file my_file_14.cif (mmCIF, C-alpha atoms)
data_final
#
loop_
_atom_site.label_atom_id
_atom_site.label_comp_id
_atom_site.auth_asym_id
_atom_site.auth_seq_id
_atom_site.Cartn_x
_atom_site.Cartn_y
_atom_site.Cartn_z
CA LEU A 59 -5.61 -31.11 3.51
CA TYR A 60 -7.11 -33.40 0.88
CA ILE A 61 -5.12 -36.41 2.05
CA LEU A 62 -6.80 -35.90 5.43
CA SER A 63 -10.15 -35.43 3.69
CA ASP A 64 -9.74 -38.73 1.83
CA GLY A 65 -9.12 -40.50 5.13
CA VAL A 66 -12.18 -38.94 6.75
CA CYS A 67 -14.24 -39.81 3.65
CA PHE A 68 -13.27 -43.49 3.90
CA LEU A 69 -14.33 -43.56 7.57
CA MET A 70 -17.62 -41.75 6.95
CA ARG A 71 -18.66 -43.84 4.00
CA HIS A 72 -17.29 -47.31 4.69
CA VAL A 73 -16.91 -47.49 8.48
CA VAL A 74 -19.39 -45.12 10.14
CA HIS A 75 -21.86 -45.24 7.21
CA TYR A 76 -22.75 -41.61 7.94
CA ARG A 77 -26.44 -41.17 7.04
CA ARG A 78 -26.04 -43.69 4.24
CA LYS A 79 -29.72 -44.68 4.26
CA VAL A 80 -30.78 -41.03 3.99
CA VAL A 81 -28.30 -40.35 1.17
CA ARG A 82 -29.38 -43.40 -0.83
CA LYS A 83 -33.08 -42.75 -0.35
CA ASN A 84 -32.75 -39.10 -1.40
CA LEU A 85 -30.71 -39.96 -4.48
CA LYS A 86 -32.95 -42.82 -5.58
CA ASN A 87 -36.14 -40.77 -5.24
CA SER A 88 -34.61 -37.69 -6.90
CA PHE A 89 -33.14 -39.53 -9.90
CA PRO A 90 -35.50 -42.43 -10.71
CA GLU A 91 -34.11 -42.54 -14.25
CA LYS A 92 -30.56 -43.37 -13.11
CA SER A 93 -29.16 -46.87 -12.71
CA GLU A 94 -27.91 -48.25 -9.42
CA ALA A 95 -24.33 -47.87 -10.65
CA GLU A 96 -24.90 -44.21 -11.51
CA LEU A 97 -26.43 -43.53 -8.10
CA ARG A 98 -23.48 -45.17 -6.33
CA GLU A 99 -21.07 -42.99 -8.30
CA ILE A 100 -22.94 -39.84 -7.24
CA GLU A 101 -22.91 -41.15 -3.66
CA ARG A 102 -19.13 -41.69 -3.81
CA GLU A 103 -18.51 -38.19 -5.14
CA PHE A 104 -20.91 -36.70 -2.58
CA TYR A 105 -19.04 -38.18 0.39
CA ARG A 106 -15.76 -36.83 -0.95
CA TYR A 107 -17.36 -33.43 -1.48
CA ILE A 108 -18.86 -33.17 2.00
CA CYS A 109 -15.55 -34.10 3.64
CA ASP A 110 -13.71 -31.57 1.49
CA TYR A 111 -16.37 -28.99 2.34
CA MET A 112 -16.00 -29.42 6.11
CA LEU A 113 -12.23 -29.12 6.03
CA GLU A 114 -12.32 -26.21 3.56
CA GLU A 115 -14.60 -24.32 5.93
CA ILE A 116 -12.04 -24.69 8.71
CA LYS A 117 -9.21 -23.73 6.37
CA MET A 118 -11.12 -20.68 5.13
CA MET A 119 -10.85 -19.04 8.56
CA ARG A 120 -7.09 -18.69 8.01
CA MET A 121 -6.98 -18.16 4.25
CA SER A 122 -5.72 -14.84 2.89
CA PHE A 123 -8.01 -12.79 0.68
CA GLU A 124 -5.63 -13.39 -2.23
CA ASP A 125 -5.77 -17.15 -1.80
CA LEU A 126 -9.56 -17.13 -1.45
CA SER A 127 -9.83 -14.97 -4.59
CA ARG A 128 -7.68 -17.46 -6.49
CA ARG A 129 -9.92 -20.34 -5.45
CA MET A 130 -13.33 -18.58 -5.62
CA GLU A 131 -13.64 -16.90 -9.01
CA TYR A 132 -16.41 -14.63 -10.29
CA GLY A 133 -17.62 -14.69 -13.88
CA ASN A 134 -19.93 -12.43 -15.97
CA THR A 135 -19.92 -9.58 -13.44
CA GLU A 136 -20.80 -6.82 -15.93
CA GLU A 137 -24.59 -7.00 -15.56
CA TYR A 138 -24.27 -7.59 -11.81
CA LEU A 139 -22.27 -4.37 -11.34
CA ALA A 140 -24.42 -2.41 -13.79
CA MET A 141 -27.60 -3.26 -11.86
CA LEU A 142 -25.88 -2.44 -8.60
CA GLU A 143 -24.93 0.98 -9.96
CA LYS A 144 -28.38 1.61 -11.46
CA HIS A 145 -30.53 0.57 -8.49
CA GLY A 146 -28.16 1.07 -5.55
CA GLY A 147 -28.60 -2.55 -4.46
CA ILE A 148 -29.38 -6.08 -5.61
CA VAL A 149 -30.54 -9.38 -4.14
CA VAL A 150 -28.44 -12.46 -4.86
CA LEU A 151 -30.13 -15.82 -4.30
CA ILE A 152 -27.42 -18.31 -3.36
CA PRO A 153 -28.16 -22.06 -3.35
CA HIS A 154 -26.68 -24.30 -0.67
CA TYR A 155 -24.42 -25.92 -3.21
CA ALA A 156 -20.68 -26.44 -3.77
CA ASN A 157 -18.58 -23.78 -1.98
CA PHE A 158 -21.47 -21.40 -1.33
CA GLU A 159 -20.04 -20.23 2.02
CA TRP A 160 -17.00 -18.78 0.25
CA LEU A 161 -19.24 -16.15 -1.36
CA THR A 162 -19.97 -14.61 2.02
CA ALA A 163 -16.28 -14.52 2.91
CA LYS A 164 -15.41 -12.89 -0.42
CA GLY A 165 -18.49 -10.68 -0.75
CA ALA A 166 -16.74 -7.37 -0.09
CA PHE A 167 -14.79 -7.81 -3.33
CA MET A 168 -17.92 -7.11 -5.40
CA LYS A 169 -19.68 -4.54 -3.19
CA PRO A 170 -18.73 -1.00 -4.20
CA GLU A 171 -18.82 1.62 -1.47
CA ARG A 172 -22.32 2.70 -0.37
CA LYS A 173 -23.99 -0.02 -2.44
CA TYR A 174 -25.91 -2.99 -1.04
CA VAL A 175 -25.68 -6.65 -1.96
CA VAL A 176 -28.28 -8.71 -0.10
CA ASN A 177 -27.35 -12.38 0.03
CA GLY A 178 -30.85 -13.78 -0.10
CA ARG A 179 -31.68 -17.34 0.84
CA ILE A 180 -34.68 -19.30 -0.38
CA SER A 181 -34.34 -22.38 1.75
CA LEU A 182 -35.81 -25.81 1.25
CA GLN A 183 -37.87 -26.83 4.28
CA SER A 184 -37.56 -25.12 7.64
CA HIS A 185 -37.52 -25.88 11.34
CA ASN A 186 -39.99 -22.97 11.69
CA ARG A 187 -43.12 -24.16 9.95
CA ASN A 188 -44.60 -20.66 9.97
CA GLU A 189 -41.94 -19.66 7.41
CA ALA A 190 -42.88 -22.44 4.96
CA HIS A 191 -44.97 -20.85 2.22
CA HIS A 192 -44.15 -21.95 -1.31
CA TRP A 193 -45.11 -25.50 -2.34
CA THR A 194 -43.85 -26.92 -5.61
CA THR A 195 -42.50 -30.08 -7.24
CA PHE A 196 -38.74 -30.30 -6.83
CA LEU A 197 -36.65 -33.33 -7.82
CA PHE A 198 -39.85 -35.44 -8.01
CA HIS A 199 -40.83 -34.46 -4.44
CA ASP A 200 -43.71 -32.33 -3.19
CA THR A 201 -41.56 -29.69 -1.53
CA VAL A 202 -42.07 -26.52 0.51
CA PHE A 203 -39.61 -23.63 0.37
CA MET A 204 -39.12 -20.65 2.61
CA ASP A 205 -39.57 -17.49 0.55
CA GLY A 206 -37.60 -14.96 2.59
CA GLY A 207 -35.36 -14.00 -0.32
CA GLU A 208 -38.37 -13.18 -2.50
CA ARG A 209 -40.03 -11.13 0.22
CA ILE A 210 -36.86 -9.07 0.71
CA ALA A 211 -36.57 -8.48 -3.03
CA ARG A 212 -40.21 -7.37 -3.37
CA MET A 213 -39.96 -5.11 -0.32
CA MET A 214 -36.76 -3.36 -1.49
CA ASN A 215 -37.54 -3.65 -5.23
CA TYR A 216 -33.95 -4.63 -5.98
CA PRO A 217 -33.03 -6.67 -9.07
CA VAL A 218 -32.73 -10.38 -8.28
CA PHE A 219 -29.85 -12.58 -9.42
CA TYR A 220 -29.39 -16.33 -9.20
CA CYS A 221 -25.88 -17.42 -8.29
CA GLU A 222 -24.79 -20.38 -10.40
CA LEU A 223 -21.92 -22.23 -8.72
CA GLU A 224 -19.59 -24.49 -10.65
CA LYS A 225 -16.96 -26.70 -9.04
CA ARG A 226 -13.69 -26.39 -10.95
CA GLY A 227 -11.85 -29.07 -8.99
CA ARG A 228 -11.03 -29.72 -5.36
CA GLY A 229 -10.68 -26.36 -3.65
CA TYR A 230 -11.78 -24.34 -6.68
CA CYS A 231 -15.17 -22.89 -7.54
CA LYS A 232 -16.58 -20.29 -9.92
CA ALA A 233 -19.72 -18.19 -9.50
CA TYR A 234 -21.88 -16.82 -12.31
CA PHE A 235 -24.68 -14.30 -11.75
CA ASP A 236 -27.83 -14.59 -13.85
CA LEU A 237 -30.55 -11.94 -13.68
CA LEU A 238 -33.96 -13.37 -12.74
CA THR A 239 -35.85 -10.08 -12.69
CA GLU A 240 -35.07 -6.37 -12.60
CA THR A 241 -38.57 -5.49 -11.34
CA PRO A 242 -39.51 -7.82 -8.47
CA LYS A 243 -42.57 -5.77 -7.46
CA GLN A 244 -44.10 -6.50 -10.86
CA THR A 245 -43.82 -10.28 -10.41
CA ALA A 246 -46.62 -12.47 -9.10
CA GLU A 247 -46.42 -13.85 -5.59
CA GLY A 248 -44.20 -16.94 -5.57
CA GLU A 249 -42.82 -16.26 -9.06
CA ILE A 250 -39.29 -15.39 -7.91
CA THR A 251 -39.16 -18.39 -5.60
CA GLU A 252 -40.32 -20.66 -8.42
CA LEU A 253 -37.64 -19.24 -10.74
CA PHE A 254 -35.05 -20.01 -8.05
CA VAL A 255 -36.35 -23.56 -7.58
CA ARG A 256 -36.18 -24.33 -11.30
CA ARG A 257 -32.63 -22.96 -11.56
CA LEU A 258 -31.54 -24.89 -8.47
CA GLU A 259 -32.93 -28.08 -9.96
CA GLN A 260 -30.94 -27.46 -13.14
CA THR A 261 -27.79 -26.82 -11.11
CA ILE A 262 -28.18 -30.06 -9.16
CA ARG A 263 -28.93 -32.13 -12.25
CA ARG A 264 -25.84 -30.77 -13.99
CA ALA A 265 -23.54 -31.98 -11.17
CA PRO A 266 -25.54 -33.81 -8.47
CA ALA A 267 -22.72 -34.62 -6.05
CA TYR A 268 -22.30 -31.09 -4.69
CA TRP A 269 -25.61 -30.80 -2.84
CA PHE A 270 -26.24 -31.95 0.75
CA TRP A 271 -27.92 -35.31 0.18
CA SER A 272 -27.37 -36.33 3.80
CA HIS A 273 -30.05 -33.90 5.01
CA LYS A 274 -33.58 -35.14 5.75
CA ARG A 275 -35.10 -32.58 3.43
CA TRP A 276 -38.57 -33.88 2.76
CA LYS A 277 -39.96 -34.47 6.24
CA LEU A 278 -42.60 -31.73 6.17
CA THR A 279 -45.84 -32.48 4.30
CA ARG A 280 -48.86 -30.41 3.36
CA GLU A 281 -50.86 -32.48 5.83
CA ASP A 282 -48.48 -31.52 8.64
CA LEU A 283 -49.05 -27.82 7.96
CA LYS A 284 -52.78 -28.31 7.60
CA LYS A 285 -52.98 -29.98 11.01
CA GLN A 286 -50.87 -27.20 12.54
CA HIS A 287 -53.32 -24.51 11.40
CA GLU A 288 -56.46 -26.38 12.37
#

call {"tool": "encode", "arguments": {"input": "my_file_14.cif", "output": "structure tokens"}}
result
Amino acid sequence: LYILSDGVCFLMRHVVHYRRKVVRKNLKNSFPEKSEAELREIEREFYRYICDYMLEEIKMMRMSFEDLSRRMEYGNTEEYLAMLEKHGGIVVLIPHYANFEWLTAKGAFMKPERKYVVNGRISLQSHNRNEAHHWTTFLFHDTVFMDGGERIARMMNYPVFYCELEKRGRGYCKAYFDLLTETPKQTAEGEITELFVRRLEQTIRRAPAYWFWSHKRWKLTREDLKKQHE
């Protein structure tokens, strides 16, 4: 599988130049402190990651649960399960990072009977501008996030966890679950989303290659939304 991925990576990066201008612009603006050589190394690792990711998604459809469990590990589950038992449900905020899709495929492994695990998403940008609510500074950009995950948490009053994903090698990933708040209804509006944003920024800075740099993430501006509501 990874021999094929290496071949696709060479074509995407050196022949097709798949979204190379977008990737380079995003990296340069997000890491102004890094040298050109450092940015090119992140770019190289990113193209390998995205090719691995696409083929792993196809492979996942035919992977056994045992194989997926061997490749997608869970760490520090004690607090996660304790909160699930105490409150009857939790909200897990999962960043679009590394092998995040594997968590959905493996989710039943950590969901005891009659308990609820809500896989919340706080997404950066949105095609639906009416869902864009939370503005903040993220990776040196003025950025708007959808706050659906926070709204679900406040409505259901479930404890909120951030899912930290760590690549352990090609085809291997580990998830850690860190409690953001046990009492979401007592938080200020936007507080949970801001906690997620700051944790996501830390995750990306720790290992930048495993985020989707090929996306045009910063198209929407405050002025765009202002004009829409006028």

call {"tool": "resolve_selection", "arguments": {"input": "my_file_14.cif", "expression": "the PyMOL selection byres ((chain A and resi 244-255) around 7)", "output": "VMD selection string"}}
result
chain A and resid 180 192 205 208 220 241 to 243 256 to 259

call {"tool": "resolve_selection", "arguments": {"input": "my_file_14.cif", "expression": "the PyMOL selection byres ((chain A and resi 263-269) around 6)", "output": "ChimeraX atom specification"}}
result
/A:100,103-104,155-156,260-262,270-271

call {"tool": "closest_atom_pairs", "arguments": {"input": "my_file_14.cif", "of": "stretch 83-147 of chain A", "to": "stretch 209-218 of chain A", "cutoff": "12 Å", "atoms": "all atoms listed in the file", "output": "JSON lines"}}
result
{"residue": "A:Glu137", "atom": "CA", "partner": "A:Pro217", "partner_atom": "CA", "distance": 10.7}
{"residue": "A:Tyr138", "atom": "CA", "partner": "A:Pro217", "partner_atom": "CA", "distance": 9.2}
{"residue": "A:Leu139", "atom": "CA", "partner": "A:Pro217", "partner_atom": "CA", "distance": 11.2}
{"residue": "A:Ala140", "atom": "CA", "partner": "A:Pro217", "partner_atom": "CA", "distance": 10.7}
{"residue": "A:Met141", "atom": "CA", "partner": "A:Pro217", "partner_atom": "CA", "distance": 7.0}
{"residue": "A:Leu142", "atom": "CA", "partner": "A:Pro217", "partner_atom": "CA", "distance": 8.3}
{"residue": "A:Glu143", "atom": "CA", "partner": "A:Pro217", "partner_atom": "CA", "distance": 11.2}
{"residue": "A:Lys144", "atom": "CA", "partner": "A:Pro217", "partner_atom": "CA", "distance": 9.8}
{"residue": "A:His145", "atom": "CA", "partner": "A:Tyr216", "partner_atom": "CA", "distance": 6.7}
{"residue": "A:Gly146", "atom": "CA", "partner": "A:Tyr216", "partner_atom": "CA", "distance": 8.1}
{"residue": "A:Gly147", "atom": "CA", "partner": "A:Tyr216", "partner_atom": "CA", "distance": 5.9}

call {"tool": "closest_residue", "arguments": {"input": "my_file_14.cif", "among": "A:Gly227, A:Ile61, A:Ser127, A:Ser272", "to": "A:Ile108", "atoms": "only C-alpha atoms"}}
result
A:Ser272

call {"tool": "residues_around", "arguments": {"input": "my_file_14.cif", "residues": "A:Asn134", "least_positions_apart": "5", "cutoff": "9 Å", "atoms": "only C-alpha atoms", "output": "mmCIF file with C-alpha atoms, keeping the file's coordinate frame"}}
result
data_model
loop_
_atom_site.group_PDB
_atom_site.id
_atom_site.type_symbol
_atom_site.label_atom_id
_atom_site.label_comp_id
_atom_site.auth_asym_id
_atom_site.auth_seq_id
_atom_site.Cartn_x
_atom_site.Cartn_y
_atom_site.Cartn_z
ATOM 1 C CA ALA A 233 -19.720 -18.190 -9.500
ATOM 2 C CA TYR A 234 -21.880 -16.820 -12.310
ATOM 3 C CA PHE A 235 -24.680 -14.300 -11.750
ATOM 4 C CA ASP A 236 -27.830 -14.590 -13.850
#

call {"tool": "atom_distance", "arguments": {"input": "my_file_14.cif", "atom1": "atom CA of A:Val150", "atom2": "atom CA of A:Ala163"}}
result
14.6 Å

call {"tool": "residues_around", "arguments": {"input": "my_file_14.cif", "residues": "A:Arg228", "least_positions_apart": "2", "cutoff": "9 Å", "atoms": "only C-alpha atoms", "output": "PyMOL selection string"}}
result
chain A and resi 60+107+110+225-226+230-231

call {"tool": "write_last_selection", "arguments": {"input": "my_file_14.cif", "atoms": "C-alpha atoms", "output": "mmCIF file, in the frame of the given file"}}
result
data_model
loop_
_atom_site.group_PDB
_atom_site.id
_atom_site.type_symbol
_atom_site.label_atom_id
_atom_site.label_comp_id
_atom_site.auth_asym_id
_atom_site.auth_seq_id
_atom_site.Cartn_x
_atom_site.Cartn_y
_atom_site.Cartn_z
ATOM 1 C CA TYR A 60 -7.110 -33.400 0.880
ATOM 2 C CA TYR A 107 -17.360 -33.430 -1.480
ATOM 3 C CA ASP A 110 -13.710 -31.570 1.490
ATOM 4 C CA LYS A 225 -16.960 -26.700 -9.040
ATOM 5 C CA ARG A 226 -13.690 -26.390 -10.950
ATOM 6 C CA TYR A 230 -11.780 -24.340 -6.680
ATOM 7 C CA CYS A 231 -15.170 -22.890 -7.540
#

call {"tool": "resolve_selection", "arguments": {"input": "my_file_14.cif", "expression": "the PyMOL selection byres ((chain A and resi 84) around 12)", "output": "PyMOL selection string"}}
result
chain A and resi 77-83+85-90+97+100-101+196-199+266-267+269-277

call {"tool": "write_last_selection", "arguments": {"input": "my_file_14.cif", "atoms": "C-alpha atoms", "output": "PDB file, in the frame of the given file"}}
result
ATOM      1  CA  ARG A  77     -26.440 -41.170   7.040  1.00  0.00           C
ATOM      2  CA  ARG A  78     -26.040 -43.690   4.240  1.00  0.00           C
ATOM      3  CA  LYS A  79     -29.720 -44.680   4.260  1.00  0.00           C
ATOM      4  CA  VAL A  80     -30.780 -41.030   3.990  1.00  0.00           C
ATOM      5  CA  VAL A  81     -28.300 -40.350   1.170  1.00  0.00           C
ATOM      6  CA  ARG A  82     -29.380 -43.400  -0.830  1.00  0.00           C
ATOM      7  CA  LYS A  83     -33.080 -42.750  -0.350  1.00  0.00           C
ATOM      8  CA  LEU A  85     -30.710 -39.960  -4.480  1.00  0.00           C
ATOM      9  CA  LYS A  86     -32.950 -42.820  -5.580  1.00  0.00           C
ATOM     10  CA  ASN A  87     -36.140 -40.770  -5.240  1.00  0.00           C
ATOM     11  CA  SER A  88     -34.610 -37.690  -6.900  1.00  0.00           C
ATOM     12  CA  PHE A  89     -33.140 -39.530  -9.900  1.00  0.00           C
ATOM     13  CA  PRO A  90     -35.500 -42.430 -10.710  1.00  0.00           C
ATOM     14  CA  LEU A  97     -26.430 -43.530  -8.100  1.00  0.00           C
ATOM     15  CA  ILE A 100     -22.940 -39.840  -7.240  1.00  0.00           C
ATOM     16  CA  GLU A 101     -22.910 -41.150  -3.660  1.00  0.00           C
ATOM     17  CA  PHE A 196     -38.740 -30.300  -6.830  1.00  0.00           C
ATOM     18  CA  LEU A 197     -36.650 -33.330  -7.820  1.00  0.00           C
ATOM     19  CA  PHE A 198     -39.850 -35.440  -8.010  1.00  0.00           C
ATOM     20  CA  HIS A 199     -40.830 -34.460  -4.440  1.00  0.00           C
ATOM     21  CA  PRO A 266     -25.540 -33.810  -8.470  1.00  0.00           C
ATOM     22  CA  ALA A 267     -22.720 -34.620  -6.050  1.00  0.00           C
ATOM     23  CA  TRP A 269     -25.610 -30.800  -2.840  1.00  0.00           C
ATOM     24  CA  PHE A 270     -26.240 -31.950   0.750  1.00  0.00           C
ATOM     25  CA  TRP A 271     -27.920 -35.310   0.180  1.00  0.00           C
ATOM     26  CA  SER A 272     -27.370 -36.330   3.800  1.00  0.00           C
ATOM     27  CA  HIS A 273     -30.050 -33.900   5.010  1.00  0.00           C
ATOM     28  CA  LYS A 274     -33.580 -35.140   5.750  1.00  0.00           C
ATOM     29  CA  ARG A 275     -35.100 -32.580   3.430  1.00  0.00           C
ATOM     30  CA  TRP A 276     -38.570 -33.880   2.760  1.00  0.00           C
ATOM     31  CA  LYS A 277     -39.960 -34.470   6.240  1.00  0.00           C
TER      32      LYS A 277
END

call {"tool": "atom_distance", "arguments": {"input": "my_file_14.cif", "atom1": "atom CA of A:Ser63", "atom2": "atom CA of A:Glu114"}}
result
9.5 Å

call {"tool": "atom_distance", "arguments": {"input": "my_file_14.cif", "atom1": "atom CA of A:Thr162", "atom2": "atom CA of A:Leu237"}}
result
19.1 Å

call {"tool": "closest_residue", "arguments": {"input": "my_file_14.cif", "among": "A:Tyr132, A:Tyr105, A:Tyr76, A:Phe158", "to": "A:Lys232", "atoms": "only C-alpha atoms"}}
result
A:Tyr132

call {"tool": "closest_residue", "arguments": {"input": "my_file_14.cif", "among": "A:Asn157, A:Met130, A:Ile152, A:Glu96", "to": "A:Gly207", "atoms": "all atoms listed in the file"}}
result
A:Ile152

call {"tool": "closest_residue", "arguments": {"input": "my_file_14.cif", "among": "A:Arg71, A:Leu161, A:Arg280, A:Thr201", "to": "A:Phe123", "atoms": "only C-alpha atoms"}}
result
A:Leu161

call {"tool": "residues_around", "arguments": {"input": "my_file_14.cif", "residues": "A:Trp193", "least_positions_apart": "6", "cutoff": "8 Å", "atoms": "all atoms listed in the file", "output": "ChimeraX atom specification"}}
result
/A:200-203

call {"tool": "closest_residue", "arguments": {"input": "my_file_14.cif", "among": "A:Met204, A:Gly229, A:Arg120, A:Arg106", "to": "A:His72", "atoms": "all atoms listed in the file"}}
result
A:Arg106
